[in-house]
Structure formats: C-alpha cells, structure tokens
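Structure below is start18.csv: CSV, C-alpha atoms.
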chain,number,residue,atom,x,y,z
A,707,ASP,CA,-115.0,1.7,17.5
A,708,ILE,CA,-117.4,3.6,19.7
A,709,GLN,CA,-116.1,7.0,20.8
A,710,MET,CA,-117.1,8.2,24.2
A,711,THR,CA,-117.2,12.0,24.6
A,712,GLN,CA,-117.2,13.2,28.1
A,713,SER,CA,-117.8,16.8,29.3
A,714,PRO,CA,-116.6,18.8,30.8
A,715,SER,CA,-113.0,17.8,30.8
A,716,SER,CA,-112.6,19.5,34.2
A,717,LEU,CA,-114.7,21.4,36.7
A,718,SER,CA,-114.3,23.3,39.9
A,719,ALA,CA,-116.7,22.6,42.8
A,720,SER,CA,-117.1,23.0,46.5
A,721,VAL,CA,-118.0,20.6,49.2
A,722,GLY,CA,-121.8,20.2,49.2
A,723,ASP,CA,-122.3,21.1,45.5
A,724,ARG,CA,-124.2,19.0,43.1
A,725,VAL,CA,-122.0,17.9,40.2
A,726,THR,CA,-123.1,16.5,36.8
A,727,ILE,CA,-120.8,14.9,34.2
A,728,THR,CA,-122.0,13.9,30.8
A,729,CYS,CA,-121.0,11.2,28.5
A,730,ARG,CA,-122.1,10.9,24.9
A,731,PRO,CA,-121.3,7.7,22.8
A,732,SER,CA,-120.9,8.0,19.1
A,733,GLN,CA,-123.7,5.5,18.6
A,734,ASN,CA,-126.7,4.1,20.4
A,735,ILE,CA,-125.5,1.8,23.1
A,736,GLY,CA,-128.7,1.2,25.1
A,737,SER,CA,-127.8,1.3,28.8
A,738,TYR,CA,-124.3,-0.1,28.5
A,739,VAL,CA,-122.3,2.6,30.3
A,740,ASN,CA,-120.2,2.2,33.4
A,741,TRP,CA,-118.7,4.9,35.5
A,742,TYR,CA,-115.4,4.9,37.4
A,743,GLN,CA,-113.6,7.2,39.9
A,744,GLN,CA,-109.8,7.4,39.8
A,745,LYS,CA,-107.7,9.2,42.4
A,746,PRO,CA,-104.0,10.1,41.8
A,747,GLY,CA,-101.7,7.1,41.9
A,748,LYS,CA,-104.6,4.7,42.3
A,749,ALA,CA,-106.5,2.2,40.1
A,750,PRO,CA,-110.0,3.2,38.9
A,751,LYS,CA,-112.9,2.2,41.1
A,752,LEU,CA,-116.3,1.1,39.7
A,753,LEU,CA,-119.1,3.3,40.8
A,754,LEU,CA,-122.1,2.4,38.6
A,755,TYR,CA,-122.8,-0.1,35.9
A,756,VAL,CA,-125.4,-0.3,33.1
A,757,ALA,CA,-126.0,3.4,33.5
A,758,SER,CA,-127.7,3.5,36.9
A,759,SER,CA,-126.9,0.4,39.0
A,760,LEU,CA,-124.9,1.4,42.0
A,761,GLN,CA,-121.9,-0.9,42.7
A,762,SER,CA,-121.8,-2.5,46.2
A,763,GLY,CA,-120.3,-0.2,48.8
A,764,VAL,CA,-120.6,3.0,46.7
A,765,PRO,CA,-122.4,5.9,48.5
A,766,SER,CA,-125.9,6.7,47.4
A,767,ARG,CA,-124.9,10.3,46.6
A,768,PHE,CA,-123.6,8.9,43.3
A,769,SER,CA,-126.2,8.2,40.7
A,770,GLY,CA,-126.4,7.7,37.0
A,771,SER,CA,-129.0,8.0,34.3
A,772,GLY,CA,-129.4,7.9,30.6
A,773,TYR,CA,-129.9,5.7,27.6
A,774,GLY,CA,-128.8,5.5,24.0
A,775,THR,CA,-126.4,8.4,23.3
A,776,ASP,CA,-126.7,10.6,26.4
A,777,PHE,CA,-125.6,9.6,29.9
A,778,THR,CA,-125.1,11.5,33.1
A,779,LEU,CA,-123.2,10.9,36.4
A,780,THR,CA,-124.4,13.0,39.3
A,781,ILE,CA,-122.8,13.5,42.7
A,782,SER,CA,-125.6,14.9,44.7
A,783,PHE,CA,-123.7,16.4,47.6
A,784,LEU,CA,-120.0,16.5,46.9
A,785,GLN,CA,-117.8,15.3,49.7
A,786,PRO,CA,-114.0,16.0,50.2
A,787,GLU,CA,-113.2,12.4,49.2
A,788,ASP,CA,-115.0,12.9,45.8
A,789,PHE,CA,-112.3,15.2,44.3
A,790,ALA,CA,-111.0,12.9,41.7
A,791,THR,CA,-111.1,12.1,38.0
A,792,TYR,CA,-114.2,10.3,36.6
A,793,PHE,CA,-114.4,8.1,33.5
A,794,CYS,CA,-117.3,6.7,31.6
A,795,GLN,CA,-116.9,3.4,29.7
A,796,GLN,CA,-119.1,1.7,27.1
A,797,SER,CA,-119.7,-2.1,27.6
A,798,TYR,CA,-121.8,-2.5,24.5
A,799,SER,CA,-119.2,-3.9,22.2
A,800,THR,CA,-115.5,-4.6,21.9
A,801,PRO,CA,-113.2,-2.8,21.8
A,802,LEU,CA,-114.4,-1.4,25.1
A,803,THR,CA,-113.7,2.3,25.2
A,804,PHE,CA,-113.5,5.0,27.8
A,805,GLY,CA,-114.2,8.7,27.9
A,806,GLN,CA,-111.3,11.0,28.2
A,807,GLY,CA,-112.1,11.8,31.9
A,808,THR,CA,-113.5,14.6,33.9
A,809,ARG,CA,-111.3,16.0,36.7
A,810,VAL,CA,-113.3,17.4,39.6
A,811,GLU,CA,-111.2,20.0,41.4
A,812,VAL,CA,-111.6,22.1,44.5
A,813,LYS,CA,-113.1,25.5,43.8
B,603,GLN,CA,-111.2,-10.4,50.1
B,604,VAL,CA,-110.6,-10.1,46.4
B,605,HIS,CA,-107.2,-9.0,45.3
B,606,LEU,CA,-105.2,-8.7,42.1
B,607,VAL,CA,-101.5,-8.3,42.6
B,608,GLN,CA,-99.3,-7.5,39.6
B,609,SER,CA,-95.6,-7.9,38.9
B,610,GLY,CA,-93.2,-5.1,39.3
B,611,ALA,CA,-92.0,-2.2,37.1
B,612,GLU,CA,-90.2,-3.0,33.9
B,613,VAL,CA,-87.8,-1.0,31.7
B,614,LYS,CA,-87.5,-2.2,28.1
B,615,LYS,CA,-86.1,-1.1,24.7
B,616,PRO,CA,-88.4,-0.7,21.7
B,617,GLY,CA,-88.8,-4.1,19.9
B,618,ALA,CA,-88.5,-6.0,23.2
B,619,SER,CA,-91.4,-7.8,24.8
B,620,VAL,CA,-92.6,-7.5,28.4
B,621,LYS,CA,-94.7,-10.1,30.3
B,622,VAL,CA,-96.8,-8.8,33.1
B,623,SER,CA,-98.4,-11.1,35.6
B,624,CYS,CA,-101.6,-10.7,37.6
B,625,LYS,CA,-102.2,-13.0,40.6
B,626,ALA,CA,-105.8,-13.3,41.8
B,627,SER,CA,-107.0,-14.3,45.2
B,628,GLY,CA,-110.2,-14.2,47.2
B,629,TYR,CA,-112.5,-15.5,44.5
B,630,THR,CA,-112.8,-18.3,41.9
B,631,PHE,CA,-110.2,-17.3,39.3
B,632,THR,CA,-111.8,-19.3,36.5
B,633,GLY,CA,-115.2,-17.7,37.1
B,634,TYR,CA,-114.5,-14.2,35.8
B,635,TYR,CA,-112.8,-12.7,32.8
B,636,ILE,CA,-109.5,-10.8,33.3
B,637,HIS,CA,-109.1,-7.7,31.3
B,638,TRP,CA,-106.0,-5.6,30.6
B,639,VAL,CA,-106.2,-1.8,30.4
B,640,ARG,CA,-103.4,0.6,30.0
B,641,GLN,CA,-103.0,4.3,30.9
B,642,ALA,CA,-100.2,6.4,29.4
B,643,PRO,CA,-98.8,9.2,31.7
B,644,GLY,CA,-101.5,11.8,32.2
B,645,GLN,CA,-103.8,10.1,29.8
B,646,GLY,CA,-107.0,8.2,29.8
B,647,LEU,CA,-107.8,4.5,29.9
B,648,ASP,CA,-107.1,2.2,26.9
B,649,TRP,CA,-108.6,-1.4,26.8
B,650,MET,CA,-106.3,-4.0,25.4
B,651,GLY,CA,-108.4,-7.2,25.6
B,652,TRP,CA,-109.7,-10.0,27.9
B,653,ILE,CA,-108.9,-13.6,28.7
B,654,ASN,CA,-111.4,-16.1,29.9
B,655,PRO,CA,-109.4,-17.9,32.6
B,656,ASN,CA,-111.6,-21.0,32.4
B,657,SER,CA,-111.3,-21.7,28.7
B,658,GLY,CA,-108.2,-19.6,27.8
B,659,ASP,CA,-110.3,-17.8,25.1
B,660,THR,CA,-109.1,-14.3,24.3
B,661,ASN,CA,-110.4,-11.2,22.7
B,662,TYR,CA,-107.9,-8.5,21.8
B,663,ALA,CA,-108.5,-5.0,20.7
B,664,GLN,CA,-107.7,-4.9,17.0
B,665,ARG,CA,-105.1,-2.2,17.3
B,666,PHE,CA,-103.0,-4.4,19.5
B,667,GLN,CA,-103.6,-7.6,17.6
B,668,GLY,CA,-100.3,-9.3,16.6
B,669,ARG,CA,-98.4,-7.6,19.5
B,670,VAL,CA,-100.3,-8.9,22.5
B,671,THR,CA,-100.8,-12.3,24.0
B,672,MET,CA,-102.9,-13.1,27.1
B,673,THR,CA,-102.5,-16.4,28.9
B,674,ARG,CA,-103.2,-17.9,32.2
B,675,ASP,CA,-102.1,-20.5,34.7
B,676,THR,CA,-105.1,-21.8,36.6
B,677,SER,CA,-102.9,-23.8,39.0
B,678,ILE,CA,-101.6,-20.5,40.5
B,679,SER,CA,-104.6,-18.3,39.7
B,680,THR,CA,-102.4,-16.0,37.6
B,681,ALA,CA,-103.0,-14.2,34.3
B,682,TYR,CA,-100.3,-12.9,32.0
B,683,MET,CA,-100.1,-10.3,29.3
B,684,GLU,CA,-97.1,-10.4,27.0
B,685,PHE,CA,-96.7,-7.3,24.7
B,686,TYR,CA,-94.1,-6.5,22.0
B,687,LEU,CA,-93.2,-2.9,22.6
B,688,ARG,CA,-92.9,0.2,20.6
B,689,SER,CA,-91.4,3.5,21.7
B,690,ASP,CA,-94.9,5.0,22.5
B,691,ASP,CA,-96.0,2.1,24.7
B,692,THR,CA,-94.8,3.6,28.0
B,693,ALA,CA,-97.7,3.3,30.3
B,694,LEU,CA,-99.2,1.9,33.5
B,695,TYR,CA,-100.7,-1.5,32.7
B,696,TYR,CA,-103.6,-2.8,34.8
B,697,CYS,CA,-105.3,-6.1,35.0
B,698,ALA,CA,-109.0,-5.9,36.0
B,699,LYS,CA,-111.6,-8.5,36.9
B,700,SER,CA,-115.0,-8.6,35.3
B,701,ALA,CA,-117.8,-7.7,37.7
B,702,GLY,CA,-120.0,-10.6,36.8
B,703,HIS,CA,-121.1,-13.1,34.2
B,704,ASP,CA,-124.2,-11.5,32.7
B,705,TYR,CA,-124.6,-8.9,30.0
B,706,LYS,CA,-124.8,-6.2,32.7
B,707,THR,CA,-121.6,-6.9,34.4
B,708,GLN,CA,-119.3,-8.9,32.1
B,709,TYR,CA,-117.6,-5.9,30.7
B,710,ALA,CA,-117.5,-3.8,33.9
B,711,PHE,CA,-114.4,-4.0,36.1
B,712,ASP,CA,-115.0,-4.3,39.8
B,713,MET,CA,-111.5,-5.0,40.9
B,714,TRP,CA,-108.2,-3.8,39.6
B,715,GLY,CA,-104.6,-4.6,40.2
B,716,GLN,CA,-102.2,-2.0,41.4
B,717,GLY,CA,-100.8,-1.4,38.0
B,718,THR,CA,-97.4,-2.2,36.5
B,719,VAL,CA,-95.3,0.6,35.1
B,720,VAL,CA,-93.7,-0.3,31.8
B,721,SER,CA,-91.1,2.2,30.5
B,722,VAL,CA,-89.9,2.0,26.9
B,723,SER,CA,-86.8,3.8,25.9
B,724,SER,CA,-83.9,3.2,23.6

Please go through the file and, once you have read it, give me the structure as structure tokens.
Amino acid sequence: DIQMTQSPSSLSASVGDRVTITCRPSQNIGSYVNWYQQKPGKAPKLLLYVASSLQSGVPSRFSGSGYGTDFTLTISFLQPEDFATYFCQQSYSTPLTFGQGTRVEVK
Amino acid sequence: QVHLVQSGAEVKKPGASVKVSCKASGYTFTGYYIHWVRQAPGQGLDWMGWINPNSGDTNYAQRFQGRVTMTRDTSISTAYMEFYLRSDDTALYYCAKSAGHDYKTQYAFDMWGQGTVVSVSS
C-alpha cells in the first residue's frame, strides 16, 4: 500500500496568512494526488485533483503543486472559513490511501 | 443538484453485519463509481472499496476483503455496503461519488453522503 505522510499534523495561523501543507507518498505516484478540506461534523470536500487542478467552485486562493513524491497544498490568503482539517489522497493505485490530516487552527 | 443521502445510524454487536444505503440523485447513477470511505472517531480517512453501478463490478481494499460486500439497485439509484463487524469497526461510514471517468478524476471524490454512524459494542 502507498503510505501518505502529511506534515505538519497541525498548525496555527491568522487570517491573511499564507499556509503550506506537504504530502509525501511512499513511492513515485506521478501527479495522482487529491486534496480535501473537512470541517467538524461534515463530509470532506474536494479542493484539488491531480495535484494542481482546482475543483469547480473552489476559491483560487487554494493551489496545489508537486510531482512524484513531494506535493504541496497552499492557501495563499487564509480566510476565516478555511480553518479546518486538510487531507491528501493518492489516486495512483488501489487501495486508495489518505494522509493523516493537517489541522489548521486559529493562532 | 447532486446529492447522496445515506441511511441512519446503527448500533450493532461484534459479529453482526450492517447494511448501509446511499441514495443518489441529480446525476446519472450508472455513470460514476461509488466509493465507501470510513472515519473512526478523531481519526483519518480509510478507503474500503468501490462499486461500478453500471456493471456491478467491485474493487475492495484487501484488508476488508471477505467482510465487505458492495451492491447496487439501479432502479432506485441506490448503492449498498454490507459489512461484517468487529469490535474496532466503530466509525462514520461515507459513500462518495467519483468525480469523473478519466484517469484524472476516477479516483477523486467530488460528492459525499452525510455519513452513517455505525457503533459496535457488545
């Protein structure tokens, strides 16, 4: 199985900050990473697919980059509604696997 | 508007099975895979498998093989996940729809059900 290692596990930030979350798969997976946002008591929401493609309706302050074994989710100008937990997921092969999550908290 | 609506919470004993339903609306049910993902309390996301609603083909995560069965009823646009439970299977179980058909989107999930709490306790 492909292990997805996310870092940090949590971070504290302020509105307006630039936030970066990293995801490192245990093997080369090309660009097959998706990113999700999850708020308490809610289902995850797809933000980006194949590393950098923005899902319809997602604000452009969310961006993704990376290839192979190193991927990044960036929130360029953190908004109050962005405080949540973020997960990466590999879609290279089954079993599909997720990172353990990064909780973005208010500083 | 695309919706996935799941059945209600369940309380079961270890060794029992649970069958969770996921009713789709707002899109062509047979056009997109349905995946099942679970989340234990305070934990991350754990993919269980998918079903192709058109063919009925399935792909289960090996660690759940033998305990999980995914089926569908196309006449009512509903997918089902039946799972034989152990004591550590307490979790929120989600169904989720594939975002598309191609290699970029087949294994991304663009719509999720509200989740079904399954509690397992003797």

Item to complete: For stretch 748-750 of chain A, work out the shell of residues within 7 Å, counting all atoms listed in the file and skipping chain neighbours fewer than 6 positions away, then give it as a list in words.
Response: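 Non-adjacent residues within range: Tyr742 of chain A; Trp714 and Gln716 of chain B.
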
Fill in: Separation of atom CA of B:Asn656 from atom CA of A:Leu760 in Å
27.8 Å

What residues in chain A lie within 6 Å of chain B, counting all atoms listed in the file, written as a PDB file with C-alpha atoms, keeping the file's coordinate frame?
ATOM      1  CA  LEU A 752    -116.300   1.100  39.700  1.00  0.00           C
ATOM      2  CA  VAL A 756    -125.400  -0.300  33.100  1.00  0.00           C
ATOM      3  CA  SER A 797    -119.700  -2.100  27.600  1.00  0.00           C
ATOM      4  CA  PRO A 801    -113.200  -2.800  21.800  1.00  0.00           C
ATOM      5  CA  GLN A 806    -111.300  11.000  28.200  1.00  0.00           C
TER       6      GLN A 806
END

Worksheet entry | Non-local contacts of B:Pro655 (8 Å; all atoms listed in the file; under 6 positions in same chain excluded) as a VMD selection string | chain B and resid 631 to 636 673 to 674 676 681

Fill in: Residues within 7 Å of stretch 773-787 of chain A, only C-alpha atoms, excluding chain neighbours under 4 positions, as a ChimeraX atom specification
/A:721-737,767-769

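Residues lying at most 9 Å from (-111.2, 20.6, 45.0) in file coordinates, with only C-alpha atoms considered, are A:Ser718, A:Ala719, A:Ser720, A:Val721, A:Pro786, A:Asp788, A:Phe789, A:Ala790, A:Val810, A:Glu811, A:Val812, A:Lys813.
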
Go ahead and save the picked residues with C-alpha atoms, as a PDB file, keeping the file's coordinate frame.
ATOM      1  CA  SER A 718    -114.300  23.300  39.900  1.00  0.00           C
ATOM      2  CA  ALA A 719    -116.700  22.600  42.800  1.00  0.00           C
ATOM      3  CA  SER A 720    -117.100  23.000  46.500  1.00  0.00           C
ATOM      4  CA  VAL A 721    -118.000  20.600  49.200  1.00  0.00           C
ATOM      5  CA  PRO A 786    -114.000  16.000  50.200  1.00  0.00           C
ATOM      6  CA  ASP A 788    -115.000  12.900  45.800  1.00  0.00           C
ATOM      7  CA  PHE A 789    -112.300  15.200  44.300  1.00  0.00           C
ATOM      8  CA  ALA A 790    -111.000  12.900  41.700  1.00  0.00           C
ATOM      9  CA  VAL A 810    -113.300  17.400  39.600  1.00  0.00           C
ATOM     10  CA  GLU A 811    -111.200  20.000  41.400  1.00  0.00           C
ATOM     11  CA  VAL A 812    -111.600  22.100  44.500  1.00  0.00           C
ATOM     12  CA  LYS A 813    -113.100  25.500  43.800  1.00  0.00           C
TER      13      LYS A 813
END

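Coordinates place atom CA of B:Arg669 at a distance of 10.2 Å from atom CA of B:Gly617.
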
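When only C-alpha atoms are used to measure the gap to A:Phe804, the shortest distance among B:Ser609, B:Thr680, B:Lys614, B:Arg640 belongs to B:Arg640.
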
Practice prompt. Choose the residue, out of A:Gln761, A:Pro746, A:Thr800, A:Gln795, that has the smallest atom-to-atom separation from A:Thr711; count all atoms listed in the file.
Written response: A:Gln795

Fill in: Straight-line distance linking atom CA of B:Val622 with atom CA of B:Gly610, stated in Å to one decimal
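A separation of 8.1 Å between them.
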
Worksheet item: From the list A:Ala757, A:Ser762, A:Gln712, A:Lys745, which residue is nearest A:Tyr798 when using only C-alpha atoms?
Response: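 Ranking A:Ala757, A:Ser762, A:Gln712, A:Lys745 by distance to A:Tyr798, first place goes to A:Ala757.
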
Practice prompt. Quick one: everything within 8 Å of A:Ser758, counting all atoms listed in the file, minus sequence neighbours fewer than 5 positions away in the same chain. Send it as a ChimeraX atom specification.
Written response: /A:769-772

Worksheet item: With distances taken over only C-alpha atoms, which of B:Ile653, B:Ala642, B:Val607, B:Ala618 is nearest to B:Leu687?
Response: B:Ala618

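Candidate residues A:Ser759, A:Gln796, A:Thr803, A:Thr791 were compared for distance to A:Leu717, and the nearest is A:Thr791, using only C-alpha atoms.
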
Output stretch 802-813 of chain A with all heavy atoms present, as a compact mmCIF listing (two decimals), keeping the file's coordinate frame.
# COMPACT_ATOMS: atom_id res chain seq x y z
N LEU A 802 -113.82 -2.28 24.03
CA LEU A 802 -114.40 -1.40 25.10
C LEU A 802 -113.63 -0.12 25.07
O LEU A 802 -112.41 -0.09 24.92
CB LEU A 802 -114.24 -2.15 26.42
CG LEU A 802 -114.78 -3.57 26.48
CD1 LEU A 802 -114.52 -4.19 27.86
CD2 LEU A 802 -116.25 -3.61 26.14
N THR A 803 -114.35 0.97 25.23
CA THR A 803 -113.70 2.30 25.20
C THR A 803 -114.18 3.17 26.31
O THR A 803 -115.28 2.98 26.84
CB THR A 803 -114.04 2.97 23.81
OG1 THR A 803 -115.45 2.89 23.55
CG2 THR A 803 -113.28 2.31 22.66
N PHE A 804 -113.32 4.12 26.63
CA PHE A 804 -113.50 5.00 27.80
C PHE A 804 -113.64 6.46 27.27
O PHE A 804 -113.06 6.82 26.23
CB PHE A 804 -112.36 4.94 28.73
CG PHE A 804 -112.20 3.63 29.44
CD1 PHE A 804 -111.55 2.57 28.83
CD2 PHE A 804 -112.69 3.46 30.72
CE1 PHE A 804 -111.39 1.35 29.49
CE2 PHE A 804 -112.53 2.25 31.40
CZ PHE A 804 -111.88 1.20 30.78
N GLY A 805 -114.33 7.27 28.05
CA GLY A 805 -114.20 8.70 27.90
C GLY A 805 -112.88 9.20 28.29
O GLY A 805 -112.10 8.49 28.93
N GLN A 806 -112.58 10.45 27.97
CA GLN A 806 -111.30 11.00 28.20
C GLN A 806 -111.08 11.44 29.69
O GLN A 806 -109.98 11.77 30.11
CB GLN A 806 -110.95 12.16 27.29
CG GLN A 806 -111.65 13.46 27.64
CD GLN A 806 -113.06 13.57 27.09
OE1 GLN A 806 -113.71 12.56 26.79
NE2 GLN A 806 -113.53 14.79 26.96
N GLY A 807 -112.17 11.44 30.43
CA GLY A 807 -112.10 11.80 31.90
C GLY A 807 -112.56 13.17 32.18
O GLY A 807 -112.42 14.08 31.36
N THR A 808 -113.09 13.32 33.39
CA THR A 808 -113.50 14.60 33.90
C THR A 808 -112.83 14.78 35.29
O THR A 808 -113.06 13.98 36.19
CB THR A 808 -115.00 14.72 34.09
OG1 THR A 808 -115.62 14.66 32.80
CG2 THR A 808 -115.38 16.05 34.78
N ARG A 809 -112.00 15.79 35.40
CA ARG A 809 -111.30 16.00 36.70
C ARG A 809 -112.17 16.98 37.51
O ARG A 809 -112.50 18.10 37.06
CB ARG A 809 -109.95 16.65 36.40
CG ARG A 809 -109.11 16.81 37.64
CD ARG A 809 -107.70 17.25 37.27
NE ARG A 809 -106.90 17.50 38.45
CZ ARG A 809 -105.64 17.92 38.42
NH1 ARG A 809 -105.05 18.13 37.25
NH2 ARG A 809 -104.98 18.12 39.53
N VAL A 810 -112.54 16.56 38.70
CA VAL A 810 -113.30 17.40 39.60
C VAL A 810 -112.33 17.95 40.65
O VAL A 810 -111.72 17.22 41.43
CB VAL A 810 -114.42 16.55 40.31
CG1 VAL A 810 -115.17 17.41 41.33
CG2 VAL A 810 -115.38 15.99 39.27
N GLU A 811 -112.19 19.28 40.61
CA GLU A 811 -111.20 20.00 41.40
C GLU A 811 -111.88 20.83 42.48
O GLU A 811 -113.05 21.21 42.34
CB GLU A 811 -110.32 20.86 40.54
CG GLU A 811 -109.59 20.10 39.45
CD GLU A 811 -108.87 21.02 38.48
OE1 GLU A 811 -109.46 22.04 38.06
OE2 GLU A 811 -107.71 20.70 38.13
N VAL A 812 -111.10 21.20 43.47
CA VAL A 812 -111.60 22.10 44.50
C VAL A 812 -111.69 23.50 44.02
O VAL A 812 -110.75 24.03 43.41
CB VAL A 812 -110.66 22.04 45.76
CG1 VAL A 812 -111.14 23.01 46.83
CG2 VAL A 812 -110.55 20.63 46.31
N LYS A 813 -112.84 24.11 44.25
CA LYS A 813 -113.10 25.50 43.80
C LYS A 813 -112.34 26.47 44.77
O LYS A 813 -112.41 26.27 46.00
CB LYS A 813 -114.55 25.80 43.80
CG LYS A 813 -114.93 27.08 43.13
CD LYS A 813 -116.44 27.14 42.98
CE LYS A 813 -116.86 28.31 42.14
NZ LYS A 813 -118.32 28.35 41.96
